[in-house]
$ cat input.txt   # compact mmCIF, C-alpha atoms
# COMPACT_ATOMS: atom_id res chain seq x y z
CA MET A 4 33.93 -13.44 -4.49
CA ARG A 5 34.53 -9.81 -5.21
CA SER A 6 35.45 -7.52 -2.40
CA SER A 7 32.84 -4.90 -1.51
CA GLU A 8 35.64 -2.35 -1.66
CA GLU A 9 35.75 -2.63 -5.44
CA SER A 10 33.92 -0.21 -7.65
CA PRO A 11 32.35 -2.51 -10.26
CA VAL A 12 31.99 -1.34 -13.81
CA ALA A 13 28.73 -2.41 -15.41
CA THR A 14 29.31 -3.52 -18.95
CA PRO A 15 28.07 -3.44 -21.68
CA VAL A 16 26.93 0.18 -22.13
CA VAL A 17 23.36 0.88 -21.01
CA GLY A 18 20.93 0.85 -23.88
CA GLN A 19 23.11 -1.23 -26.22
CA PRO A 20 22.18 -4.91 -26.74
CA VAL A 21 25.23 -7.11 -26.81
CA VAL A 22 24.01 -10.00 -28.92
CA GLY A 23 22.01 -10.04 -32.15
CA ASP A 24 20.35 -7.24 -34.08
CA LYS A 25 17.90 -4.80 -32.52
CA PRO A 26 14.67 -6.21 -34.04
CA THR A 27 15.52 -9.69 -32.77
CA LYS A 28 16.38 -8.45 -29.29
CA LEU A 29 13.25 -6.29 -29.20
CA LEU A 30 11.07 -9.27 -30.16
CA GLU A 31 12.73 -11.32 -27.42
CA LEU A 32 12.07 -8.49 -24.94
CA VAL A 33 8.37 -8.34 -25.88
CA LYS A 34 7.98 -12.13 -25.68
CA LYS A 35 9.66 -12.33 -22.26
CA THR A 36 7.55 -9.45 -20.93
CA ALA A 37 4.33 -11.06 -22.22
CA TRP A 38 5.29 -14.42 -20.69
CA ILE A 39 6.07 -12.98 -17.25
CA VAL A 40 3.05 -10.68 -17.03
CA GLY A 41 0.70 -13.22 -18.62
CA SER A 42 1.74 -15.98 -16.22
CA ALA A 43 1.22 -13.67 -13.25
CA LEU A 44 -2.26 -12.70 -14.45
CA ILE A 45 -3.27 -16.35 -14.87
CA VAL A 46 -2.12 -17.19 -11.33
CA PHE A 47 -3.86 -14.12 -9.88
CA ALA A 48 -7.07 -14.97 -11.73
CA ALA A 49 -7.02 -18.57 -10.46
CA VAL A 50 -6.37 -17.46 -6.89
CA ARG A 51 -9.05 -14.81 -7.16
CA ASN A 52 -11.73 -17.29 -8.25
CA SER A 53 -10.87 -19.69 -5.42
CA VAL A 54 -10.63 -17.03 -2.71
CA ILE A 55 -13.89 -15.32 -3.64
CA TRP A 56 -15.74 -18.65 -3.86
CA HIS A 57 -14.62 -19.67 -0.36
CA MET A 58 -15.26 -16.18 1.00
CA GLN A 59 -18.82 -16.20 -0.29
CA ARG A 60 -19.51 -19.64 1.18
CA PHE A 61 -17.96 -18.86 4.58
CA TRP A 62 -19.15 -15.31 5.15
CA GLY A 63 -22.00 -15.10 2.69
CA ALA A 64 -20.26 -12.03 1.31
CA SER A 65 -22.17 -9.92 -1.18
CA ALA A 66 -20.78 -8.16 -4.21
CA ASP A 67 -20.35 -4.93 -2.26
CA PHE A 68 -18.35 -6.55 0.59
CA TRP A 69 -15.13 -4.65 -0.18
CA VAL A 70 -16.95 -1.41 -1.02
CA ARG A 71 -18.75 -1.32 2.33
CA HIS A 72 -15.64 -2.11 4.34
CA TRP A 73 -13.48 0.36 2.45
CA GLU A 74 -16.09 3.09 2.90
CA SER A 75 -16.15 2.34 6.62
CA LEU A 76 -12.36 2.70 6.74
CA TYR A 77 -12.48 5.94 4.77
CA ILE A 78 -15.24 7.55 6.86
CA ASN A 79 -14.72 6.16 10.38
CA TRP A 80 -10.94 5.86 10.55
CA PHE A 81 -9.73 8.67 8.31
CA LEU A 82 -12.78 10.99 8.54
CA GLU A 83 -12.93 11.37 4.74
CA ASN A 84 -9.57 13.14 4.82
CA ASN A 85 -7.70 12.26 1.63
CA ALA A 86 -4.34 13.51 2.93
CA ALA A 87 -4.58 11.42 6.10
CA LEU A 88 -5.67 8.36 4.13
CA PHE A 89 -2.85 8.65 1.61
CA ILE A 90 0.02 9.70 3.87
CA LEU A 91 -0.76 7.86 7.12
CA GLY A 92 -2.34 4.90 5.37
CA THR A 93 0.61 4.46 3.02
CA LEU A 94 3.10 4.69 5.88
CA ILE A 95 1.15 2.14 7.95
CA VAL A 96 0.67 -0.30 5.07
CA THR A 97 4.21 -0.17 3.66
CA ASN A 98 6.04 -0.21 6.99
CA GLY A 99 3.70 -2.86 8.35
CA VAL A 100 4.30 -5.13 5.36
CA PHE A 101 8.06 -4.52 5.56
CA VAL A 102 8.27 -5.36 9.28
CA LEU A 103 5.94 -8.35 9.15
CA GLY A 104 7.54 -9.67 5.99
CA ASN A 105 10.99 -9.55 7.58
CA SER A 106 10.29 -10.48 11.21
CA PHE A 107 10.67 -14.23 10.78
CA LEU A 108 13.69 -13.84 8.49
CA VAL A 109 15.45 -11.59 11.01
CA PHE A 110 14.75 -14.11 13.79
CA LEU A 111 16.10 -16.92 11.63
CA ASP A 112 19.23 -14.98 10.68
CA LEU A 113 19.97 -13.86 14.25
CA THR A 114 19.29 -17.18 16.01
CA GLY A 115 19.78 -19.80 13.30
CA LYS A 116 16.53 -21.41 14.43
CA PRO A 117 14.74 -23.45 13.31
CA ALA A 118 18.01 -24.97 12.15
CA PHE A 119 16.49 -27.17 9.43
CA LEU A 120 15.63 -24.04 7.41
CA LEU A 121 19.31 -23.12 7.10
CA ARG A 122 19.69 -25.77 4.42
CA TYR A 123 17.71 -23.48 2.11
CA LYS A 124 20.35 -20.75 2.25
CA VAL A 125 21.55 -19.58 -1.15
CA GLN A 126 25.10 -18.85 0.05
CA GLU A 127 25.47 -21.64 2.58
CA ASP A 128 28.54 -20.31 4.42
CA GLN A 129 27.38 -16.69 4.79
CA ASN A 130 25.64 -14.95 7.74
CA VAL A 131 25.99 -18.03 9.95
CA PRO A 132 26.02 -16.45 12.42
CA MET A 133 25.08 -13.00 11.22
CA ASP A 134 27.32 -10.07 12.15
CA ARG A 135 25.19 -8.30 14.79
CA LYS A 136 27.23 -5.10 14.69
CA LYS A 137 26.78 -4.89 10.94
CA PHE A 138 23.08 -5.61 11.37
CA ARG A 139 22.64 -2.84 13.96
CA ARG A 140 24.32 -0.38 11.60
CA ALA A 141 21.88 -1.42 8.88
CA VAL A 142 18.89 -0.95 11.23
CA ILE A 143 19.94 2.65 11.98
CA GLN A 144 20.18 3.50 8.28
CA ILE A 145 16.85 1.78 7.54
CA LEU A 146 15.09 3.75 10.28
CA PHE A 147 16.59 6.95 8.88
CA ASN A 148 15.31 6.07 5.42
CA ILE A 149 11.81 5.32 6.72
CA ILE A 150 11.44 8.40 8.94
CA VAL A 151 13.54 11.10 7.28
CA VAL A 152 13.42 10.06 3.61
CA SER A 153 10.26 8.05 2.95
CA THR A 154 7.83 10.25 4.89
CA PRO A 155 8.57 13.53 3.02
CA PHE A 156 8.61 11.63 -0.28
CA ILE A 157 5.15 10.19 0.43
CA VAL A 158 3.89 13.70 1.22
CA PHE A 159 5.28 14.85 -2.13
CA MET A 160 3.65 11.90 -3.89
CA TYR A 161 0.32 12.74 -2.25
CA LYS A 162 0.44 16.13 -3.97
CA ALA A 163 1.33 14.46 -7.27
CA TYR A 164 -1.41 11.81 -6.91
CA GLU A 165 -3.94 14.50 -6.02
CA TRP A 166 -3.01 16.40 -9.18
CA ARG A 167 -3.42 13.16 -11.12
CA GLY A 168 -6.91 12.70 -9.66
CA VAL A 169 -6.42 9.46 -7.73
CA PRO A 170 -9.77 8.21 -6.31
CA TYR A 171 -10.24 7.37 -2.63
CA ARG A 172 -13.87 6.41 -2.00
CA GLY A 173 -15.26 2.91 -1.79
CA ASP A 174 -17.59 3.49 -4.74
CA ASP A 175 -14.51 4.06 -6.91
CA LEU A 176 -12.88 0.71 -6.16
CA PRO A 177 -11.93 -1.00 -9.45
CA THR A 178 -12.97 -4.44 -10.60
CA PHE A 179 -10.65 -7.32 -9.82
CA GLN A 180 -9.86 -7.76 -13.52
CA TRP A 181 -8.73 -4.13 -13.73
CA VAL A 182 -6.60 -4.57 -10.60
CA LEU A 183 -4.84 -7.47 -12.33
CA PHE A 184 -4.07 -5.26 -15.31
CA GLU A 185 -2.77 -2.49 -13.04
CA ILE A 186 -0.48 -4.87 -11.12
CA GLY A 187 0.94 -6.15 -14.40
CA PHE A 188 1.42 -2.62 -15.74
CA CYS A 189 3.10 -1.45 -12.53
CA SER A 190 5.44 -4.45 -12.63
CA VAL A 191 6.65 -3.51 -16.10
CA VAL A 192 7.04 0.17 -15.14
CA GLU A 193 9.07 -0.84 -12.09
CA GLU A 194 11.26 -3.10 -14.22
CA PHE A 195 12.20 -0.22 -16.54
CA THR A 196 12.67 2.45 -13.87
CA PHE A 197 14.50 0.22 -11.41
CA TYR A 198 16.79 -1.32 -14.01
CA TYR A 199 18.07 1.97 -15.40
CA SER A 200 18.30 3.78 -12.05
CA HIS A 201 20.06 0.78 -10.53
CA ARG A 202 22.38 0.44 -13.51
CA MET A 203 23.22 4.13 -13.29
CA LEU A 204 24.17 3.75 -9.61
CA HIS A 205 26.72 1.12 -10.62
CA HIS A 206 28.66 3.70 -12.62
CA PRO A 207 32.09 3.98 -10.92
CA ARG A 208 31.63 7.70 -10.24
CA LEU A 209 28.37 7.09 -8.40
CA TYR A 210 28.91 3.63 -6.95
CA LYS A 211 31.58 4.48 -4.37
CA HIS A 212 29.58 7.46 -3.07
CA ILE A 213 26.04 5.99 -3.11
CA HIS A 214 25.39 2.37 -4.04
CA LYS A 215 28.39 0.88 -2.25
CA ILE A 216 26.45 1.05 1.04
CA HIS A 217 23.85 -1.43 -0.18
CA HIS A 218 26.55 -3.76 -1.52
CA GLU A 219 28.26 -4.07 1.84
CA TRP A 220 26.10 -7.18 2.03
CA THR A 221 27.53 -9.54 -0.61
CA ALA A 222 25.24 -12.17 0.91
CA PRO A 223 21.98 -10.23 1.41
CA ILE A 224 19.25 -10.68 3.99
CA GLY A 225 15.63 -9.57 3.56
CA PHE A 226 15.92 -6.65 5.97
CA ILE A 227 18.59 -4.85 3.92
CA SER A 228 16.32 -4.48 0.89
CA ILE A 229 15.96 -0.79 1.87
CA TYR A 230 19.40 -0.46 3.46
CA ALA A 231 20.73 2.18 1.11
CA HIS A 232 22.04 5.71 0.72
CA PRO A 233 19.11 8.20 0.90
CA ILE A 234 19.60 9.17 -2.75
CA GLU A 235 19.39 5.54 -3.80
CA HIS A 236 16.39 5.00 -1.54
CA VAL A 237 14.48 7.68 -3.49
CA LEU A 238 15.71 6.77 -6.98
CA SER A 239 15.48 2.98 -6.79
CA ASN A 240 13.33 2.02 -3.80
CA LEU A 241 10.55 4.64 -3.74
CA PHE A 242 10.17 6.14 -7.19
CA PRO A 243 9.92 2.94 -9.34
CA PRO A 244 6.97 1.35 -7.48
CA MET A 245 5.16 4.67 -7.02
CA LEU A 246 5.34 5.68 -10.68
CA GLY A 247 2.98 3.00 -12.03
CA PRO A 248 -0.09 3.91 -9.92
CA PHE A 249 0.54 7.60 -10.68
CA LEU A 250 0.54 7.00 -14.45
CA LEU A 251 -2.68 4.98 -14.25
CA GLY A 252 -4.41 7.19 -11.70
CA SER A 253 -4.99 4.06 -9.60
CA HIS A 254 -7.29 3.94 -6.60
CA ILE A 255 -5.24 4.29 -3.42
CA GLY A 256 -6.38 0.80 -2.38
CA THR A 257 -4.88 -0.66 -5.56
CA ALA A 258 -1.70 1.34 -4.95
CA TRP A 259 -1.40 -0.14 -1.46
CA LEU A 260 -1.86 -3.64 -2.85
CA TRP A 261 0.87 -3.01 -5.42
CA PHE A 262 3.25 -1.48 -2.84
CA SER A 263 2.75 -4.59 -0.68
CA VAL A 264 3.51 -6.90 -3.60
CA ALA A 265 6.64 -4.90 -4.47
CA LEU A 266 7.89 -4.93 -0.85
CA LEU A 267 7.34 -8.65 -0.42
CA SER A 268 9.04 -9.27 -3.76
CA THR A 269 12.18 -7.35 -2.83
CA THR A 270 12.22 -9.00 0.62
CA VAL A 271 12.21 -12.46 -0.97
CA ALA A 272 14.83 -11.37 -3.52
CA HIS A 273 17.16 -10.24 -0.70
CA SER A 274 16.23 -12.98 1.77
CA GLY A 275 19.23 -15.23 1.15
CA TYR A 276 16.96 -18.28 1.27
CA HIS A 277 15.45 -20.28 -1.58
CA PHE A 278 12.36 -21.57 0.21
CA PRO A 279 9.75 -23.92 -1.29
CA LEU A 280 6.82 -22.26 -3.09
CA LEU A 281 8.37 -18.78 -2.96
CA PRO A 282 9.85 -16.90 -5.94
CA SER A 283 13.50 -17.69 -6.59
CA PRO A 284 15.97 -15.20 -5.03
CA GLU A 285 18.89 -16.63 -7.02
CA ALA A 286 19.09 -13.80 -9.58
CA HIS A 287 19.37 -10.89 -7.15
CA ASP A 288 21.51 -12.88 -4.75
CA PHE A 289 23.90 -13.42 -7.66
CA HIS A 290 23.89 -9.65 -8.25
CA HIS A 291 25.08 -9.06 -4.68
CA LEU A 292 27.73 -11.73 -5.11
CA LYS A 293 29.13 -10.60 -8.47
CA PHE A 294 27.91 -6.96 -8.79
CA THR A 295 27.84 -6.83 -12.62
CA ASN A 296 24.81 -8.98 -13.53
CA ASN A 297 21.06 -8.91 -12.91
CA PHE A 298 20.22 -5.25 -12.43
CA GLY A 299 16.48 -5.61 -12.97
CA VAL A 300 13.52 -7.10 -11.13
CA LEU A 301 11.90 -9.37 -13.71
CA GLY A 302 14.98 -10.09 -15.79
CA ILE A 303 13.44 -8.62 -18.95
CA LEU A 304 15.94 -5.82 -19.48
CA ASP A 305 18.86 -7.92 -18.27
CA ARG A 306 18.12 -10.34 -21.10
CA PHE A 307 17.69 -7.47 -23.58
CA HIS A 308 20.96 -5.75 -22.62
CA GLY A 309 22.91 -8.94 -22.02
CA THR A 310 23.56 -8.14 -18.38
CA ASP A 311 22.68 -11.67 -17.31
CA LEU A 312 25.24 -13.58 -19.39
CA GLN A 313 27.47 -14.55 -16.47
CA PHE A 314 24.41 -15.50 -14.43
CA ARG A 315 23.03 -17.73 -17.20
CA ALA A 316 26.37 -19.55 -17.34
CA SER A 317 26.37 -20.18 -13.60
CA LYS A 318 25.17 -22.90 -11.27
CA GLN A 319 22.80 -20.37 -9.68
CA TYR A 320 20.91 -20.09 -12.96
CA GLU A 321 20.21 -23.83 -12.90
CA ARG A 322 18.65 -23.31 -9.46
CA HIS A 323 16.66 -20.26 -10.57
CA SER A 324 13.15 -21.70 -10.55
CA LEU A 325 10.23 -22.25 -8.20
CA LEU A 326 11.09 -24.91 -5.64
CA LEU A 327 8.10 -27.30 -5.54
CA GLY A 328 9.55 -29.94 -3.22
CA LEU A 329 11.43 -29.97 0.08
CA THR A 330 14.86 -30.85 -1.29
CA PRO A 331 16.95 -27.63 -1.42
CA MET A 332 18.07 -26.41 -4.83
CA SER A 333 21.67 -26.50 -3.62
CA GLN A 334 21.30 -30.28 -3.25
CA GLN A 335 19.44 -30.75 -6.52
CA PHE A 336 22.11 -28.76 -8.36
CA PRO A 337 25.23 -29.07 -6.19
CA ASP A 338 28.32 -26.98 -6.78
CA ASN A 339 31.05 -28.61 -8.85
CA LYS A 340 33.65 -30.44 -6.79
CA LYS A 341 36.85 -28.60 -5.99
CA GLY A 342 39.28 -28.75 -8.86
CA GLN A 343 36.55 -29.46 -11.40
CA LYS A 344 34.76 -27.07 -13.69
CA GLY A 345 31.57 -27.58 -15.59
CA LYS A 346 31.22 -26.88 -19.24
CA LYS A 347 29.50 -23.58 -18.60
CA GLU A 348 32.25 -22.29 -16.34
CA LEU A 349 34.88 -23.27 -18.90
CA SER A 350 33.02 -21.31 -21.57
CA GLU A 351 33.14 -18.04 -19.58

$ encode --input "input.txt" --output "structure tokens"
Amino acid sequence: MRSSEESPVATPVVGQPVVGDKPTKLLELVKKTAWIVGSALIVFAAVRNSVIWHMQRFWGASADFWVRHWESLYINWFLENNAALFILGTLIVTNGVFVLGNSFLVFLDLTGKPAFLLRYKVQEDQNVPMDRKKFRRAVIQILFNIIVVSTPFIVFMYKAYEWRGVPYRGDDLPTFQWVLFEIGFCSVVEEFTFYYSHRMLHHPRLYKHIHKIHHEWTAPIGFISIYAHPIEHVLSNLFPPMLGPFLLGSHIGTAWLWFSVALLSTTVAHSGYHFPLLPSPEAHDFHHLKFTNNFGVLGILDRFHGTDLQFRASKQYERHSLLLGLTPMSQQFPDNKKGQKGKKELSE
């Protein structure tokens, strides 16, 4: 394991594929992007059909169910004030999702209970028990980021979204099919903006002053997903997810849905647990462990730039899939016994 005191150098150079010619790598990039986004859209569509069918049977909901309830929220709660809806609503939604999404994980990390869930830890010997002093220091920085950094940034984004003409009323709510497209588009935009901003922060001249704070946790927990230097918080945590809805001129309701998806995604990626039926956190956990691989969210640009080569030769890559059963991935793909090396490790 690398020491967090090191200042890792991210190689190869950003923007330069390491294997194969550019047309081949570009085709691979397009195919991987289409596979990831397409798979997500299929799952969303299937869930959508099931949820709406049950909702209609249980509540007898009409086609304007969401329109009426959104209009009630807009008029009765926010008094048709766009600034209040955007700023206060965004703060409530994002912070609420962050706290709720991390509450159980924090309890599990602090208490180690229920104990049977500890077998799903990615790095089995880390944060057991968790360093409470280190955790308290992280909480202080996170609160600073939420209150002092995020709030002014959201006010700034309100001005930008207003200029873009973002709709707010219930009558302007998009169709579900369009929401699916927007979520897919925002995911790709986040992949590009997060990858390059994150990669830039790993430059030795920036890392020791900015990004090193986040990498104090070589075995991450969900709560530290926004534990970062304020500059990093703006560049990598706030700007990437907020850019997509701005480019599309998305309804604020769609933006909130996307922000929630992005927050839950980064919480799972930092959780330190590979739970059944949740997305695999192995890739980003490996980034915290090794520092020089897996800079992106979806893995598209890591494959294109070759910044996942060490990861793909690792045991963690074998575990990097959706866990459909109850047997932990660490048991399905156990580490090599001491003194032995697998073929992949020998090839590094």

$ residues_around --input "input.txt" --residues "region 224-233 of chain A" --least-positions-apart "5" --cutoff "7 Å" --atoms "all atoms listed in the file" --output "PyMOL selection string"
chain A and resi 105+108+141+144-145+148+152+213-214+216-217+240+269-271+273-275

$ residues_around --input "input.txt" --residues "Phe89 (chain A)" --least-positions-apart "6" --cutoff "9 Å" --atoms "only C-alpha atoms" --output "PyMOL selection string"
chain A and resi 157-158+161+171+255

$ atom_distance --input "input.txt" --atom1 "CA of Arg306 (chain A)" --atom2 "CA of Glu321 (chain A)"
15.9 Å

$ closest_residue --input "input.txt" --among "A:Asp174, A:Glu194, A:Glu165, A:Asp288" --to "Gly302 (chain A)" --atoms "all atoms listed in the file"
A:Glu194

$ residues_around --input "input.txt" --residues "Glu185 (chain A)" --least-positions-apart "6" --cutoff "10 Å" --atoms "all atoms listed in the file" --output "ChimeraX atom specification"
/A:177,179,191,247-248,251-253,257-258,261

$ write_last_selection --input "input.txt" --atoms "C-alpha atoms" --output "CSV table (one decimal), in the frame of the given file"
chain,number,residue,atom,x,y,z
A,177,PRO,CA,-11.9,-1.0,-9.4
A,179,PHE,CA,-10.6,-7.3,-9.8
A,191,VAL,CA,6.6,-3.5,-16.1
A,247,GLY,CA,3.0,3.0,-12.0
A,248,PRO,CA,-0.1,3.9,-9.9
A,251,LEU,CA,-2.7,5.0,-14.2
A,252,GLY,CA,-4.4,7.2,-11.7
A,253,SER,CA,-5.0,4.1,-9.6
A,257,THR,CA,-4.9,-0.7,-5.6
A,258,ALA,CA,-1.7,1.3,-5.0
A,261,TRP,CA,0.9,-3.0,-5.4

$ closest_residue --input "input.txt" --among "A:Ala316, A:Leu292, A:Ala222, A:Ile143" --to "Gln129 (chain A)" --atoms "all atoms listed in the file"
A:Ala222

$ closest_residue --input "input.txt" --among "A:Met203, A:Leu246, A:Leu82, A:Leu266" --to "Val100 (chain A)" --atoms "all atoms listed in the file"
A:Leu266

$ closest_residue --input "input.txt" --among "A:Arg208, A:Leu146, A:Met332, A:Gly115" --to "Val131 (chain A)" --atoms "all atoms listed in the file"
A:Gly115

$ axis_aligned_box --input "input.txt" --around "region 147-154 of chain A" --padding-each-side "8 Å" --output "lines of an AutoDock Vina configuration file"
center_x = 12.2
center_y = 8.2
center_z = 5.9
size_x = 24.8
size_y = 21.8
size_z = 22.0

$ residues_near_point --input "input.txt" --point "(19.1, -22.1, 2.7)" --cutoff "12 Å" --atoms "all atoms listed in the file" --output "MDAnalysis selection string"
chainID A and resid 108 111:112 115 117:131 222 224 274:279 283:285 326 329:334

$ atom_distance --input "input.txt" --atom1 "CA of His287 (chain A)" --atom2 "CA of Met160 (chain A)"
27.9 Å

$ residues_around --input "input.txt" --residues "Asp311 (chain A)" --least-positions-apart "4" --cutoff "6 Å" --atoms "all atoms listed in the file" --output "JSON, numbers by chain"
{"A": [296, 297, 305]}

$ atom_distance --input "input.txt" --atom1 "CA of Tyr199 (chain A)" --atom2 "CA of Leu312 (chain A)"
17.6 Å

$ residues_around --input "input.txt" --residues "Tyr198 (chain A)" --least-positions-apart "6" --cutoff "12 Å" --atoms "all atoms listed in the file" --output "JSON, numbers by chain"
{"A": [17, 18, 190, 191, 192, 204, 205, 238, 239, 240, 243, 296, 297, 298, 299, 300, 301, 302, 303, 304, 305, 306, 307, 308, 310]}

$ closest_residue --input "input.txt" --among "A:Asn79, A:Asn85, A:Ser153, A:Thr97" --to "Val264 (chain A)" --atoms "only C-alpha atoms"
A:Thr97
